[in-house]
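Here is data-v5.cif, consisting of mmCIF, C-alpha atoms:
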```
data_entry
loop_
_atom_site.group_PDB
_atom_site.id
_atom_site.type_symbol
_atom_site.label_atom_id
_atom_site.label_comp_id
_atom_site.auth_asym_id
_atom_site.auth_seq_id
_atom_site.Cartn_x
_atom_site.Cartn_y
_atom_site.Cartn_z
ATOM 1 C CA MET A 1 100.787 109.200 99.373
ATOM 2 C CA ARG A 2 99.051 108.338 96.110
ATOM 3 C CA VAL A 3 100.602 108.945 92.719
ATOM 4 C CA HIS A 4 99.728 107.825 89.216
ATOM 5 C CA THR A 5 101.037 107.435 85.701
ATOM 6 C CA ARG A 6 99.569 106.509 82.352
ATOM 7 C CA LEU A 7 100.587 103.643 80.087
ATOM 8 C CA ASP A 8 99.560 102.983 76.500
ATOM 9 C CA SER A 9 98.541 99.359 76.008
ATOM 10 C CA PRO A 10 96.890 97.153 73.393
ATOM 11 C CA TYR A 11 93.656 97.845 75.311
ATOM 12 C CA GLY A 12 93.999 101.613 75.289
ATOM 13 C CA ALA A 13 95.387 103.973 77.871
ATOM 14 C CA LEU A 14 95.790 102.534 81.357
ATOM 15 C CA THR A 15 96.060 104.565 84.545
ATOM 16 C CA LEU A 16 98.337 103.025 87.174
ATOM 17 C CA VAL A 17 97.906 104.197 90.769
ATOM 18 C CA ALA A 18 100.278 103.547 93.682
ATOM 19 C CA ASP A 19 99.855 104.263 97.365
ATOM 20 C CA ASP A 20 103.153 104.592 99.231
ATOM 21 C CA GLY A 21 104.913 102.936 96.292
ATOM 22 C CA VAL A 22 102.619 99.885 96.082
ATOM 23 C CA LEU A 23 100.266 99.362 93.134
ATOM 24 C CA CYS A 24 96.662 99.861 94.248
ATOM 25 C CA GLY A 25 94.933 100.621 90.952
ATOM 26 C CA LEU A 26 95.059 99.794 87.260
ATOM 27 C CA TYR A 27 92.165 101.334 85.380
ATOM 28 C CA MET A 28 91.071 101.429 81.751
ATOM 29 C CA THR A 29 89.724 104.704 80.409
ATOM 30 C CA ASP A 30 86.071 103.628 80.178
ATOM 31 C CA GLN A 31 86.059 101.214 83.103
ATOM 32 C CA ARG A 32 82.671 101.016 84.829
ATOM 33 C CA HIS A 33 83.858 101.370 88.437
ATOM 34 C CA ARG A 34 86.781 103.702 87.739
ATOM 35 C CA PRO A 35 87.345 106.068 90.669
ATOM 36 C CA PRO A 36 87.393 109.831 90.085
ATOM 37 C CA GLU A 37 90.670 111.188 88.667
ATOM 38 C CA GLU A 38 91.212 113.408 91.711
ATOM 39 C CA THR A 39 91.730 110.286 93.869
ATOM 40 C CA PHE A 40 94.761 109.166 91.810
ATOM 41 C CA GLY A 41 97.227 111.643 93.291
ATOM 42 C CA ASP A 42 99.930 113.560 91.482
ATOM 43 C CA PRO A 43 101.590 112.302 88.295
ATOM 44 C CA ASP A 44 104.827 110.439 89.063
ATOM 45 C CA ASP A 45 106.414 107.570 87.089
ATOM 46 C CA THR A 46 108.851 106.614 89.861
ATOM 47 C CA PRO A 47 107.045 103.692 91.576
ATOM 48 C CA PHE A 48 105.872 102.072 88.341
ATOM 49 C CA THR A 49 109.081 100.873 86.654
ATOM 50 C CA GLU A 50 108.584 97.192 87.522
ATOM 51 C CA VAL A 51 104.822 97.307 86.907
ATOM 52 C CA VAL A 52 105.388 98.751 83.431
ATOM 53 C CA ARG A 53 108.129 96.197 82.705
ATOM 54 C CA GLN A 54 105.886 93.275 83.630
ATOM 55 C CA LEU A 55 102.818 94.642 81.835
ATOM 56 C CA THR A 56 104.890 95.218 78.695
ATOM 57 C CA GLY A 57 106.156 91.630 78.905
ATOM 58 C CA TYR A 58 102.624 90.336 79.435
ATOM 59 C CA PHE A 59 101.253 92.217 76.427
ATOM 60 C CA ALA A 60 104.166 90.926 74.317
ATOM 61 C CA GLY A 61 103.394 87.330 75.361
ATOM 62 C CA GLU A 62 106.703 87.014 77.186
ATOM 63 C CA ILE A 63 105.318 86.511 80.705
ATOM 64 C CA THR A 64 102.113 84.895 81.959
ATOM 65 C CA GLU A 65 102.259 85.702 85.678
ATOM 66 C CA PHE A 66 102.857 88.886 87.590
ATOM 67 C CA GLU A 67 105.136 89.130 90.605
ATOM 68 C CA LEU A 68 104.300 92.475 92.151
ATOM 69 C CA PRO A 69 103.308 93.704 95.578
ATOM 70 C CA LEU A 70 99.675 94.805 95.460
ATOM 71 C CA HIS A 71 97.437 96.776 97.781
ATOM 72 C CA LEU A 72 93.853 95.624 97.225
ATOM 73 C CA ASP A 73 91.501 97.869 99.169
ATOM 74 C CA GLY A 74 88.000 96.427 99.516
ATOM 75 C CA THR A 75 85.647 94.542 101.771
ATOM 76 C CA PRO A 76 86.763 91.188 103.192
ATOM 77 C CA PHE A 77 84.478 89.431 100.678
ATOM 78 C CA GLN A 78 85.889 91.423 97.745
ATOM 79 C CA ARG A 79 89.450 90.662 98.844
ATOM 80 C CA ARG A 80 88.612 86.936 98.997
ATOM 81 C CA VAL A 81 87.282 87.100 95.430
ATOM 82 C CA TRP A 82 90.293 89.093 94.188
ATOM 83 C CA SER A 83 92.699 86.730 95.906
ATOM 84 C CA GLU A 84 91.066 83.749 94.220
ATOM 85 C CA LEU A 85 91.163 85.502 90.834
ATOM 86 C CA GLN A 86 94.941 85.492 91.108
ATOM 87 C CA ARG A 87 94.896 81.689 91.334
ATOM 88 C CA ILE A 88 93.233 81.224 87.920
ATOM 89 C CA PRO A 89 96.011 80.053 85.596
ATOM 90 C CA TYR A 90 96.902 81.976 82.458
ATOM 91 C CA GLY A 91 94.861 80.749 79.494
ATOM 92 C CA GLU A 92 92.056 79.297 81.639
ATOM 93 C CA THR A 93 88.624 80.564 82.562
ATOM 94 C CA ILE A 94 86.123 79.671 85.268
ATOM 95 C CA SER A 95 82.515 80.643 85.835
ATOM 96 C CA TYR A 96 81.215 82.986 88.523
ATOM 97 C CA GLY A 97 79.589 79.970 90.184
ATOM 98 C CA GLN A 98 82.866 78.050 90.214
ATOM 99 C CA LEU A 99 84.599 81.066 91.722
ATOM 100 C CA ALA A 100 81.883 81.290 94.401
ATOM 101 C CA ASP A 101 82.442 77.612 95.203
ATOM 102 C CA ARG A 102 86.208 78.135 95.436
ATOM 103 C CA ILE A 103 85.772 80.800 98.119
ATOM 104 C CA ASP A 104 83.264 78.659 100.050
ATOM 105 C CA ALA A 105 80.317 80.865 99.104
ATOM 106 C CA PRO A 106 78.143 78.568 96.977
ATOM 107 C CA GLY A 107 75.153 80.380 95.603
ATOM 108 C CA ALA A 108 76.919 83.744 95.759
ATOM 109 C CA SER A 109 77.746 83.959 92.063
ATOM 110 C CA ARG A 110 76.031 87.364 91.714
ATOM 111 C CA ALA A 111 77.991 88.790 94.643
ATOM 112 C CA VAL A 112 81.145 87.311 93.123
ATOM 113 C CA GLY A 113 80.266 89.020 89.846
ATOM 114 C CA LEU A 114 79.849 92.371 91.600
ATOM 115 C CA ALA A 115 83.174 91.975 93.416
ATOM 116 C CA ASN A 116 84.822 90.917 90.169
ATOM 117 C CA GLY A 117 83.523 94.061 88.467
ATOM 118 C CA LYS A 118 84.985 96.256 91.214
ATOM 119 C CA ASN A 119 88.457 94.742 90.928
ATOM 120 C CA PRO A 120 90.780 97.745 91.340
ATOM 121 C CA ILE A 121 93.786 96.185 89.592
ATOM 122 C CA GLY A 122 92.492 94.878 86.279
ATOM 123 C CA ILE A 123 94.679 92.696 84.047
ATOM 124 C CA ILE A 124 97.160 91.927 86.862
ATOM 125 C CA VAL A 125 94.313 90.582 89.015
ATOM 126 C CA PRO A 126 92.717 88.691 86.134
ATOM 127 C CA CYS A 127 88.997 89.396 86.372
ATOM 128 C CA HIS A 128 88.845 88.766 82.604
ATOM 129 C CA ARG A 129 89.280 85.027 83.280
ATOM 130 C CA VAL A 130 85.818 84.729 84.814
ATOM 131 C CA VAL A 131 82.891 84.052 82.484
ATOM 132 C CA GLY A 132 79.200 83.303 82.730
ATOM 133 C CA SER A 133 78.029 79.714 83.187
ATOM 134 C CA THR A 134 77.308 79.519 79.442
ATOM 135 C CA GLY A 135 80.829 80.683 78.608
ATOM 136 C CA SER A 136 79.737 84.233 77.750
#
```
As structure tokens:
Amino acid sequence: MRVHTRLDSPYGALTLVADDGVLCGLYMTDQRHRPPEETFGDPDDTPFTEVVRQLTGYFAGEITEFELPLHLDGTPFQRRVWSELQRIPYGETISYGQLADRIDAPGASRAVGLANGKNPIGIIVPCHRVVGSTGS
């Protein structure tokens, strides 16, 4: 069963979504691929205590890695991209092309970019660490 809660952050309000107690969504208010609100389930803070604790620590600069169970629902290709995103160290960036190479899909930088943009658990799965080949 899906439930959600909201969290104020330095980046605005975040919506956290859990399915059977496991985080499956973290969405910013104006996120491009944000699912419809009606898919988030009922409001319930219960499964989010540890998620909120770690996010608060991350925003305060006290932690640099998350240790949370995640449910990433997507295509096999998307899940490969999202899995590799989690291997990018804090404070580092890579290009879409480098990410494509890391998942053995050279030349698939556009597809990697699309998968990156559909990341359902922003911040924790650090899609913000991927940049264009020029650093943009």
Answer key for the PyMOL selection byres ((chain A and resi 134) around 12), residues as a list of chain:residue names = A:Thr93, A:Ile94, A:Ser95, A:Tyr96, A:Gly97, A:Val130, A:Val131, A:Gly132, A:Ser133, A:Gly135, A:Ser136
Test item: residues at most 12 Å from Lys118 (chain A), all atoms listed in the file, excluding those fewer than 2 positions along its chain, as a PDB file with C-alpha atoms, keeping the file's coordinate frame:
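Listing of result_1.pdb after writing:
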```
ATOM      1  CA  GLY A  25      94.933 100.621  90.952  1.00  0.00           C
ATOM      2  CA  LEU A  26      95.059  99.794  87.260  1.00  0.00           C
ATOM      3  CA  TYR A  27      92.165 101.334  85.380  1.00  0.00           C
ATOM      4  CA  GLN A  31      86.059 101.214  83.103  1.00  0.00           C
ATOM      5  CA  ARG A  32      82.671 101.016  84.829  1.00  0.00           C
ATOM      6  CA  HIS A  33      83.858 101.370  88.437  1.00  0.00           C
ATOM      7  CA  ARG A  34      86.781 103.702  87.739  1.00  0.00           C
ATOM      8  CA  PRO A  35      87.345 106.068  90.669  1.00  0.00           C
ATOM      9  CA  LEU A  72      93.853  95.624  97.225  1.00  0.00           C
ATOM     10  CA  ASP A  73      91.501  97.869  99.169  1.00  0.00           C
ATOM     11  CA  GLY A  74      88.000  96.427  99.516  1.00  0.00           C
ATOM     12  CA  THR A  75      85.647  94.542 101.771  1.00  0.00           C
ATOM     13  CA  PHE A  77      84.478  89.431 100.678  1.00  0.00           C
ATOM     14  CA  GLN A  78      85.889  91.423  97.745  1.00  0.00           C
ATOM     15  CA  ARG A  79      89.450  90.662  98.844  1.00  0.00           C
ATOM     16  CA  VAL A  81      87.282  87.100  95.430  1.00  0.00           C
ATOM     17  CA  TRP A  82      90.293  89.093  94.188  1.00  0.00           C
ATOM     18  CA  ALA A 111      77.991  88.790  94.643  1.00  0.00           C
ATOM     19  CA  VAL A 112      81.145  87.311  93.123  1.00  0.00           C
ATOM     20  CA  GLY A 113      80.266  89.020  89.846  1.00  0.00           C
ATOM     21  CA  LEU A 114      79.849  92.371  91.600  1.00  0.00           C
ATOM     22  CA  ALA A 115      83.174  91.975  93.416  1.00  0.00           C
ATOM     23  CA  ASN A 116      84.822  90.917  90.169  1.00  0.00           C
ATOM     24  CA  PRO A 120      90.780  97.745  91.340  1.00  0.00           C
ATOM     25  CA  ILE A 121      93.786  96.185  89.592  1.00  0.00           C
ATOM     26  CA  GLY A 122      92.492  94.878  86.279  1.00  0.00           C
ATOM     27  CA  VAL A 125      94.313  90.582  89.015  1.00  0.00           C
ATOM     28  CA  PRO A 126      92.717  88.691  86.134  1.00  0.00           C
ATOM     29  CA  CYS A 127      88.997  89.396  86.372  1.00  0.00           C
TER      30      CYS A 127
END
```
Suppose a student applies the PyMOL selection byres ((chain A and resi 51) around 9) to this structure; what residues should they get, written as a compact mmCIF listing (two decimals) with C-alpha atoms, in the frame of the given file?
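Done, and the output landed in part09.txt:
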```
# COMPACT_ATOMS: atom_id res chain seq x y z
CA LEU A 16 98.34 103.02 87.17
CA LEU A 23 100.27 99.36 93.13
CA PRO A 47 107.04 103.69 91.58
CA PHE A 48 105.87 102.07 88.34
CA THR A 49 109.08 100.87 86.65
CA GLU A 50 108.58 97.19 87.52
CA VAL A 52 105.39 98.75 83.43
CA ARG A 53 108.13 96.20 82.70
CA GLN A 54 105.89 93.28 83.63
CA LEU A 55 102.82 94.64 81.83
CA THR A 56 104.89 95.22 78.69
CA PHE A 66 102.86 88.89 87.59
CA GLU A 67 105.14 89.13 90.60
CA LEU A 68 104.30 92.48 92.15
```
Distance of CA of Gly117 (chain A) from CA of Phe40 (chain A), expressed in Å to one decimal place =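 Those two atoms sit 19.1 Å apart.
For the file at hand, the PyMOL selection byres ((chain A and resi 6) around 9) resolves to A:His4, A:Thr5, A:Leu7, A:Asp8, A:Ala13, A:Leu14, A:Thr15, A:Leu16, A:Val17, A:Pro43, A:Asp45.
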Write out, as a CSV table (one decimal), in the frame of the given file, the residues just selected, with C-alpha atoms.
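The resulting out02.csv:
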```csv
chain,number,residue,atom,x,y,z
A,4,HIS,CA,99.7,107.8,89.2
A,5,THR,CA,101.0,107.4,85.7
A,7,LEU,CA,100.6,103.6,80.1
A,8,ASP,CA,99.6,103.0,76.5
A,13,ALA,CA,95.4,104.0,77.9
A,14,LEU,CA,95.8,102.5,81.4
A,15,THR,CA,96.1,104.6,84.5
A,16,LEU,CA,98.3,103.0,87.2
A,17,VAL,CA,97.9,104.2,90.8
A,43,PRO,CA,101.6,112.3,88.3
A,45,ASP,CA,106.4,107.6,87.1
```
Quick one: distance from CA of Ser83 (chain A) to CA of Ala100 (chain A) in Å, one decimal?
->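 Distance reported for this atom pair: 12.2 Å.
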What is the distance, in Å and to one decimal place, between CA of Met1 (chain A) and CA of Glu37 (chain A)?
-> 14.9 Å
Near Tyr90 (chain A), counting all atoms listed in the file, which residues have an atom at most 7 Å away, once you skip same-chain residues fewer than 2 positions from it, shown as a short mmCIF file (atom, residue, chain, number, x, y, z; two decimals) with C-alpha atoms, in the coordinates of the input?
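For reference, selection21.cif as written:
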```
data_model
loop_
_atom_site.label_atom_id
_atom_site.label_comp_id
_atom_site.auth_asym_id
_atom_site.auth_seq_id
_atom_site.Cartn_x
_atom_site.Cartn_y
_atom_site.Cartn_z
CA THR A 64 102.11 84.90 81.96
CA ILE A 88 93.23 81.22 87.92
CA GLU A 92 92.06 79.30 81.64
#
```
